[in-house]
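**Q** My file is target.txt. It has compact mmCIF, C-alpha atoms:
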```
# COMPACT_ATOMS: atom_id res chain seq x y z
CA MET N 1 111.34 38.52 59.31
CA VAL N 2 109.49 40.49 56.63
CA SER N 3 107.94 38.05 54.19
CA ASN N 4 107.75 38.62 50.44
CA VAL N 5 103.95 38.53 50.68
CA ALA N 6 103.88 41.41 53.19
CA PHE N 7 106.38 43.32 51.06
CA THR N 8 104.37 42.85 47.83
CA TRP N 9 101.01 43.61 49.45
CA SER N 10 102.38 46.72 51.14
CA ASN N 11 103.39 48.11 47.77
CA ARG N 12 100.08 47.16 46.15
CA CYS N 13 98.12 48.78 49.00
CA TYR N 14 100.21 51.94 48.86
CA ARG N 15 99.75 52.24 45.08
CA ALA N 16 95.99 51.83 45.59
CA LEU N 17 95.98 54.52 48.32
CA LEU N 18 97.76 56.94 45.98
CA SER N 19 94.51 57.10 43.98
CA LEU N 20 93.07 59.21 46.83
CA TYR N 21 95.32 62.10 45.81
CA PRO N 22 94.05 64.58 43.20
CA ALA N 23 94.66 63.34 39.63
CA GLU N 24 97.07 66.15 38.72
CA PHE N 25 99.26 65.52 41.78
CA ARG N 26 99.09 61.74 41.31
CA ILE N 27 100.12 61.92 37.64
CA ARG N 28 103.04 64.23 38.44
CA TYR N 29 104.41 62.55 41.60
CA GLY N 30 102.62 59.17 41.92
CA LYS N 31 105.41 57.06 40.42
CA GLU N 32 108.08 58.81 42.46
CA MET N 33 106.06 58.42 45.67
CA ALA N 34 105.53 54.71 44.97
CA GLN N 35 109.29 54.38 44.32
CA VAL N 36 110.11 56.14 47.61
CA PHE N 37 107.71 53.86 49.51
CA LEU N 38 109.29 50.83 47.81
CA ASP N 39 112.75 52.04 48.90
CA CYS N 40 111.49 52.49 52.48
CA CYS N 41 110.00 48.94 52.39
CA ARG N 42 113.33 47.55 51.12
CA ASP N 43 115.11 49.32 53.98
CA GLU N 44 112.80 47.73 56.53
CA ALA N 45 113.02 44.33 54.80
CA GLY N 46 116.83 44.62 54.93
CA LYS N 47 116.63 45.08 58.70
CA GLY N 48 114.59 41.86 58.80
CA LYS N 49 112.05 43.00 61.40
CA ALA N 50 108.29 42.87 60.86
CA ALA N 51 107.90 45.65 63.48
CA GLY N 52 109.80 47.98 61.14
CA LEU N 53 107.23 47.45 58.38
CA ALA N 54 104.39 48.03 60.87
CA ARG N 55 106.04 51.30 62.01
CA LEU N 56 106.48 52.34 58.37
CA TRP N 57 102.77 51.75 57.78
CA LEU N 58 101.80 53.79 60.86
CA GLU N 59 103.94 56.69 59.64
CA THR N 60 102.55 56.32 56.11
CA ILE N 61 98.91 56.36 57.31
CA ARG N 62 99.58 59.50 59.36
CA ASP N 63 101.23 61.07 56.31
CA LEU N 64 98.30 60.12 54.03
CA ILE N 65 95.72 61.48 56.51
CA LEU N 66 97.50 64.84 56.56
CA SER N 67 98.66 65.21 52.96
CA ILE N 68 95.58 64.00 51.01
CA PRO N 69 93.17 66.68 52.38
CA ARG N 70 95.92 69.31 51.93
CA GLU N 71 96.39 68.44 48.25
CA ARG N 72 92.62 68.18 47.67
CA VAL N 73 92.11 71.67 49.15
CA ARG N 74 94.98 72.95 47.00
CA VAL N 75 93.07 71.75 43.93
CA LEU N 76 89.86 73.38 45.18
CA LEU N 77 91.70 76.67 45.69
CA LYS N 78 93.38 76.37 42.30
CA GLY N 79 94.46 79.76 41.11
CA ASN N 80 95.03 80.90 44.67
CA GLU N 81 98.21 79.95 46.46
CA LEU N 82 97.83 77.58 49.39
CA THR N 83 99.99 79.29 51.98
CA SER N 84 101.78 77.36 54.72
CA ARG N 85 99.35 78.96 57.19
CA THR N 86 96.34 77.54 55.29
CA ALA N 87 98.10 74.16 55.03
CA GLY N 88 98.66 74.26 58.82
CA LEU N 89 94.98 75.16 59.37
CA ILE N 90 93.85 72.20 57.23
CA ASP N 91 96.18 69.87 59.16
CA SER N 92 94.80 71.20 62.46
CA MET N 93 91.20 70.71 61.31
CA VAL N 94 91.89 67.12 60.21
CA ILE N 95 93.64 66.34 63.50
CA LEU N 96 90.84 68.00 65.51
CA GLY N 97 88.26 66.00 63.53
CA ILE N 98 90.04 62.72 64.27
CA ILE N 99 90.54 63.58 67.96
CA GLY N 100 86.89 64.70 68.22
CA PHE N 101 85.65 61.46 66.69
CA HIS N 102 87.79 59.37 69.04
CA LEU N 103 86.66 61.40 72.05
CA PHE N 104 83.08 60.81 70.98
CA VAL N 105 83.62 57.05 70.66
CA GLY N 106 85.44 57.01 74.01
CA GLY N 107 82.64 59.07 75.62
CA ALA N 108 80.02 56.68 74.29
CA GLY N 109 82.03 53.79 75.75
CA ILE N 110 82.19 55.48 79.17
CA VAL N 111 78.43 56.16 79.09
CA SER N 112 77.79 52.49 78.33
CA TYR N 113 80.15 51.45 81.16
CA ILE N 114 78.39 53.73 83.67
CA GLY N 115 75.03 52.38 82.57
CA ARG N 116 76.36 48.80 83.00
CA THR N 117 73.44 47.38 81.14
CA PHE N 118 73.43 45.58 77.84
CA GLU N 119 70.76 47.94 76.54
CA ALA N 120 72.93 50.99 77.32
CA ALA N 121 75.95 49.42 75.56
CA ALA N 122 73.84 48.54 72.54
CA ASP N 123 72.38 52.07 72.52
CA SER N 124 75.83 53.68 72.64
CA LEU N 125 77.05 51.39 69.84
CA ALA N 126 74.05 52.33 67.73
CA LEU N 127 74.64 56.00 68.58
CA THR N 128 78.30 55.73 67.53
CA ALA N 129 77.35 54.05 64.26
CA MET N 130 74.75 56.77 63.62
CA ALA N 131 77.30 59.50 64.37
CA GLY N 132 79.76 57.86 61.96
CA ALA N 133 77.10 57.67 59.27
CA ALA N 134 76.13 61.30 59.94
CA LEU N 135 79.78 62.41 59.67
CA GLY N 136 80.14 60.50 56.40
CA GLY N 137 76.89 62.02 55.14
CA VAL N 138 78.04 65.55 55.99
CA GLY N 139 81.31 64.82 54.18
CA VAL N 140 79.45 63.66 51.05
CA ILE N 141 77.08 66.67 51.13
CA CYS N 142 80.04 69.08 51.57
CA SER N 143 81.94 67.53 48.67
CA VAL N 144 78.81 67.68 46.43
CA ILE N 145 78.25 71.35 47.35
CA LEU N 146 81.92 72.18 46.71
CA THR N 147 81.85 70.38 43.35
CA ARG N 148 78.70 72.28 42.34
CA PHE N 149 80.23 75.53 43.52
CA ARG N 150 83.35 74.88 41.43
CA ARG N 151 81.22 74.15 38.33
CA ILE N 152 79.20 77.36 38.85
CA HIS N 153 82.43 79.26 39.46
CA TYR N 154 84.00 77.94 36.23
CA ARG N 155 80.80 78.62 34.26
CA PHE N 156 80.83 82.19 35.57
CA ILE N 157 84.45 82.60 34.47
CA GLU N 158 83.61 81.20 31.00
CA LEU N 159 80.64 83.61 30.67
CA ARG N 160 82.87 86.55 31.51
CA MET A 6 112.70 102.34 33.62
CA ALA A 7 109.06 101.31 33.68
CA ARG A 8 110.04 97.76 32.71
CA GLN A 9 112.64 97.62 35.48
CA LYS A 10 110.01 98.77 37.98
CA ARG A 11 107.57 96.09 36.81
CA VAL A 12 110.23 93.39 37.21
CA SER A 13 111.11 94.55 40.71
CA ILE A 14 107.42 94.42 41.73
CA THR A 15 106.77 90.92 40.36
CA GLU A 16 110.06 89.32 41.53
CA LYS A 17 109.77 87.79 44.95
CA GLN A 18 112.40 88.54 47.54
CA PRO A 19 113.77 85.91 49.99
CA ALA A 20 112.02 87.69 52.89
CA ASP A 21 108.64 87.05 51.20
CA PHE A 22 109.04 83.29 51.83
CA LEU A 23 109.92 83.54 55.53
CA PRO A 24 109.34 81.89 57.92
CA LEU A 25 109.71 78.50 56.26
CA THR A 26 107.89 75.43 57.53
CA PRO A 27 110.19 72.84 59.19
CA ALA A 28 109.66 70.39 56.28
CA VAL A 29 110.61 72.99 53.66
CA PHE A 30 113.65 74.15 55.68
CA HIS A 31 114.87 70.55 56.01
CA ILE A 32 114.40 69.92 52.26
CA LEU A 33 116.35 73.06 51.33
CA ILE A 34 119.18 72.04 53.71
CA ALA A 35 119.22 68.56 52.14
CA LEU A 36 119.59 70.12 48.67
CA ALA A 37 122.19 72.68 49.77
CA ASP A 38 125.10 70.27 49.20
CA GLY A 39 123.95 69.21 45.73
CA GLU A 40 121.11 67.67 43.79
CA ALA A 41 119.21 64.69 45.17
CA HIS A 42 116.14 62.55 44.48
CA GLY A 43 113.15 62.18 46.80
CA TYR A 44 114.37 59.17 48.77
CA ALA A 45 117.85 60.71 49.25
CA ILE A 46 116.21 63.90 50.57
CA MET A 47 114.10 61.82 52.97
CA GLN A 48 117.16 59.93 54.25
CA SER A 49 119.20 63.12 54.58
CA VAL A 50 116.44 64.79 56.65
CA THR A 51 116.16 61.75 58.95
CA ALA A 52 119.96 61.55 59.38
CA ARG A 53 120.43 65.30 60.01
CA SER A 54 117.67 65.41 62.62
CA ALA A 55 118.91 62.18 64.28
CA GLY A 56 115.58 60.52 63.45
CA SER A 57 113.38 63.17 65.10
CA VAL A 58 112.01 64.41 61.74
CA ARG A 59 110.72 61.75 59.36
CA LEU A 60 109.08 63.05 56.21
CA GLY A 61 106.41 60.90 54.61
CA ALA A 62 106.23 60.68 50.81
CA GLY A 63 103.02 62.77 50.70
CA THR A 64 104.48 65.58 52.82
CA LEU A 65 107.77 65.46 50.91
CA TYR A 66 106.25 65.70 47.43
CA GLY A 67 103.65 68.27 48.57
CA ALA A 68 106.53 70.47 49.74
CA ILE A 69 108.54 69.75 46.56
CA HIS A 70 105.49 70.78 44.48
CA ARG A 71 105.27 74.12 46.33
CA LEU A 72 109.02 74.69 46.08
CA LEU A 73 108.95 74.04 42.32
CA GLN A 74 106.04 76.45 41.89
CA ASP A 75 107.88 79.13 43.88
CA SER A 76 111.09 78.46 41.86
CA LEU A 77 113.07 77.72 45.02
CA ILE A 78 114.14 74.38 43.54
CA GLU A 79 114.23 73.01 40.01
CA GLU A 80 114.30 69.62 38.39
CA SER A 81 117.77 68.61 37.24
CA GLU A 82 118.19 67.33 33.69
CA GLU A 83 121.54 65.68 34.36
CA ARG A 84 121.78 62.28 36.05
CA PRO A 85 124.68 62.00 38.53
CA ASP A 86 125.49 58.42 37.50
CA PRO A 87 123.16 57.08 34.77
CA GLY A 88 124.62 53.57 34.94
CA MET A 89 123.89 53.13 38.64
CA ASP A 90 120.64 55.06 38.62
CA ASP A 91 116.95 54.24 38.27
CA ALA A 92 115.49 56.22 35.34
CA ARG A 93 112.18 56.67 37.20
CA ARG A 94 113.80 58.94 39.78
CA ARG A 95 113.76 62.70 39.35
CA TYR A 96 116.57 64.81 40.76
CA TYR A 97 116.03 68.23 42.31
CA ARG A 98 118.46 71.06 43.02
CA LEU A 99 118.39 74.48 44.66
CA THR A 100 117.93 77.55 42.47
CA ASP A 101 119.72 80.82 43.15
CA LEU A 102 116.56 82.16 44.81
CA GLY A 103 116.26 78.94 46.87
CA GLY A 104 119.83 79.38 48.12
CA ARG A 105 119.13 82.98 49.11
CA VAL A 106 115.92 81.96 50.91
CA LEU A 107 117.84 79.23 52.80
CA ALA A 108 120.52 81.75 53.81
CA ALA A 109 117.87 84.27 54.92
CA GLU A 110 116.02 81.66 57.01
CA THR A 111 119.29 80.46 58.56
CA LYS A 112 120.16 84.04 59.52
CA ARG A 113 116.64 84.63 60.92
CA MET A 114 116.87 81.49 63.05
CA SER A 115 120.41 82.20 64.29
CA ASP A 116 119.33 85.75 65.25
CA LEU A 117 116.41 84.21 67.13
CA VAL A 118 118.70 81.72 68.93
CA ARG A 119 121.14 84.54 69.81
CA ALA A 120 118.26 86.59 71.24
CA ALA A 121 116.99 83.57 73.22
CA ARG A 122 120.46 82.95 74.68
CA THR A 123 120.52 86.44 76.18
CA THR A 124 117.39 85.74 78.26
CA GLN A 125 117.74 84.74 81.91
CA ALA A 126 115.56 81.66 81.58
CA VAL A 127 117.80 80.12 78.90
CA ARG A 128 120.98 81.04 80.82
CA LYS A 129 119.59 79.27 83.90
CA ILE A 130 118.86 76.12 81.89
CA LYS A 131 122.37 76.28 80.44
CA LEU A 132 123.88 76.44 83.94
CA ALA A 133 121.73 73.58 85.19
```
Before we go any further, please render this structure as structure tokens.
**A**
Amino acid sequence: MVSNVAFTWSNRCYRALLSLYPAEFRIRYGKEMAQVFLDCCRDEAGKGKAAGLARLWLETIRDLILSIPRERVRVLLKGNELTSRTAGLIDSMVILGIIGFHLFVGGAGIVSYIGRTFEAAADSLALTAMAGAALGGVGVICSVILTRFRRIHYRFIELR
Amino acid sequence: MARQKRVSITEKQPADFLPLTPAVFHILIALADGEAHGYAIMQSVTARSAGSVRLGAGTLYGAIHRLLQDSLIEESEERPDPGMDDARRRYYRLTDLGGRVLAAETKRMSDLVRAARTTQAVRKIKLA
């Protein structure tokens, strides 16, 4: 049975996650997307199974992981059309990134298992945390560089 | 004459949009029978594909955004049944160009299926 609390919190969480989309896209489609998610939640609540809501969330997370970077890149390439091929390339890169990260975590786990010592397990955990921090750091640096590049680009256009 | 030439250069032809992505093709099929809002499109796609294709809201509205920009669909001003309807919903419908693109993609795919059916490998599978 899907409780009212789960139903309400699902909608609140989804509305919060919509803020990850670019502002222009969120302003134009945010309300409609929230309405669609609400309809999907109602459908699952009508079926009366909590597993349905869990499946809906899994599908929604997968959708968010793929569509948010695609829309962000579309904003970065504003003025140029984002072709379906480019959209496919972005999806592939995101998927490869996620798979790569999981393979790395899995690999670190195997290394710690082979070592069979507490020190090795602790080392691999620390290594994984460092890799995560490094990935996050690279992401921040890339976004800062891209933002700067966009500003320079716009300034150049204004000067012309 | 010169104006006509300019128009013919700037106007996109259905072939320029092919091949369509599966999501876009499904959305155009869903709108082929009449206007619909986002959730109705989503349900139609799931029903038509027997549950094998499930569009998320992000993918759906990303595709709708592209289709609106390319003028393959347009937002409908009329509400099918204002009394029964939620005012927050927006309805979308196929444009003339969208209909021609859908027809062109359908023909392209049926030609492809016809060509595949002539191959030995497919005939063997059919017999098995």
**Q** Given a cut-off of 12 Å, which residues of chain A touch chain N, counting only C-alpha atoms, written out as a count of residues only?
**A** 39
**Q** Which value, in Å to one decimal, gives the distance between CA of Leu20 (chain N) and CA of Val73 (chain N)?
**A**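 Taking CA of Leu20 (chain N) as the start and CA of Val73 (chain N) as the end point, the length is 12.7 Å.
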**Q** One number please: CA of Leu102 (chain A) to CA of Gln18 (chain A), in Å, one decimal.
**A**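 Here the two named atoms are 8.1 Å from each other.
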**Q** Skip region 103-114 of chain A itself and residues of its chain fewer than 4 positions away, then list as a PDB file with C-alpha atoms, in the frame of the given file all residues within 8 Å of it, counting all atoms listed in the file.
**A**
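Result went into around-v8.pdb, see below:
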```
ATOM      1  CA  PRO A  19     113.770  85.910  49.990  1.00  0.00           C
ATOM      2  CA  ALA A  20     112.020  87.690  52.890  1.00  0.00           C
ATOM      3  CA  PHE A  22     109.040  83.290  51.830  1.00  0.00           C
ATOM      4  CA  LEU A  23     109.920  83.540  55.530  1.00  0.00           C
ATOM      5  CA  PRO A  24     109.340  81.890  57.920  1.00  0.00           C
ATOM      6  CA  LEU A  25     109.710  78.500  56.260  1.00  0.00           C
ATOM      7  CA  PHE A  30     113.650  74.150  55.680  1.00  0.00           C
ATOM      8  CA  LEU A  33     116.350  73.060  51.330  1.00  0.00           C
ATOM      9  CA  ILE A  34     119.180  72.040  53.710  1.00  0.00           C
ATOM     10  CA  ALA A  37     122.190  72.680  49.770  1.00  0.00           C
ATOM     11  CA  SER A  76     111.090  78.460  41.860  1.00  0.00           C
ATOM     12  CA  LEU A  77     113.070  77.720  45.020  1.00  0.00           C
ATOM     13  CA  ILE A  78     114.140  74.380  43.540  1.00  0.00           C
ATOM     14  CA  LEU A  99     118.390  74.480  44.660  1.00  0.00           C
ATOM     15  CA  VAL A 118     118.700  81.720  68.930  1.00  0.00           C
TER      16      VAL A 118
END
```
**Q** So how many Å separate CA of Asn11 (chain N) and CA of Trp57 (chain N), to one decimal?
**A**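 Going from CA of Asn11 (chain N) over to CA of Trp57 (chain N) covers 10.7 Å.
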**Q** Rank N:Leu58, N:Pro69, N:Phe101, N:Val75 by their smallest atom-to-atom distance to Ala23 (chain N), using all atoms listed in the file, and report the top residue only.
**A**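 Of N:Leu58, N:Pro69, N:Phe101, N:Val75, the one nearest Ala23 (chain N) is N:Val75, counting all atoms listed in the file.
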**Q** Excluding Tyr97 (chain A) and residues on its chain fewer than 4 positions from it, collect all residues at most 8 Å away from it, counting only C-alpha atoms, and give them as number ranges by chain.
**A** A: 36, 40-42, 78-81
**Q** Between A:Gly56, A:Arg98, A:Leu117, A:Thr123, which residue has the minimum interatomic distance to Ile32 (chain A), considering all atoms listed in the file?
**A**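 Distance minimum relative to Ile32 (chain A) lands on A:Arg98.
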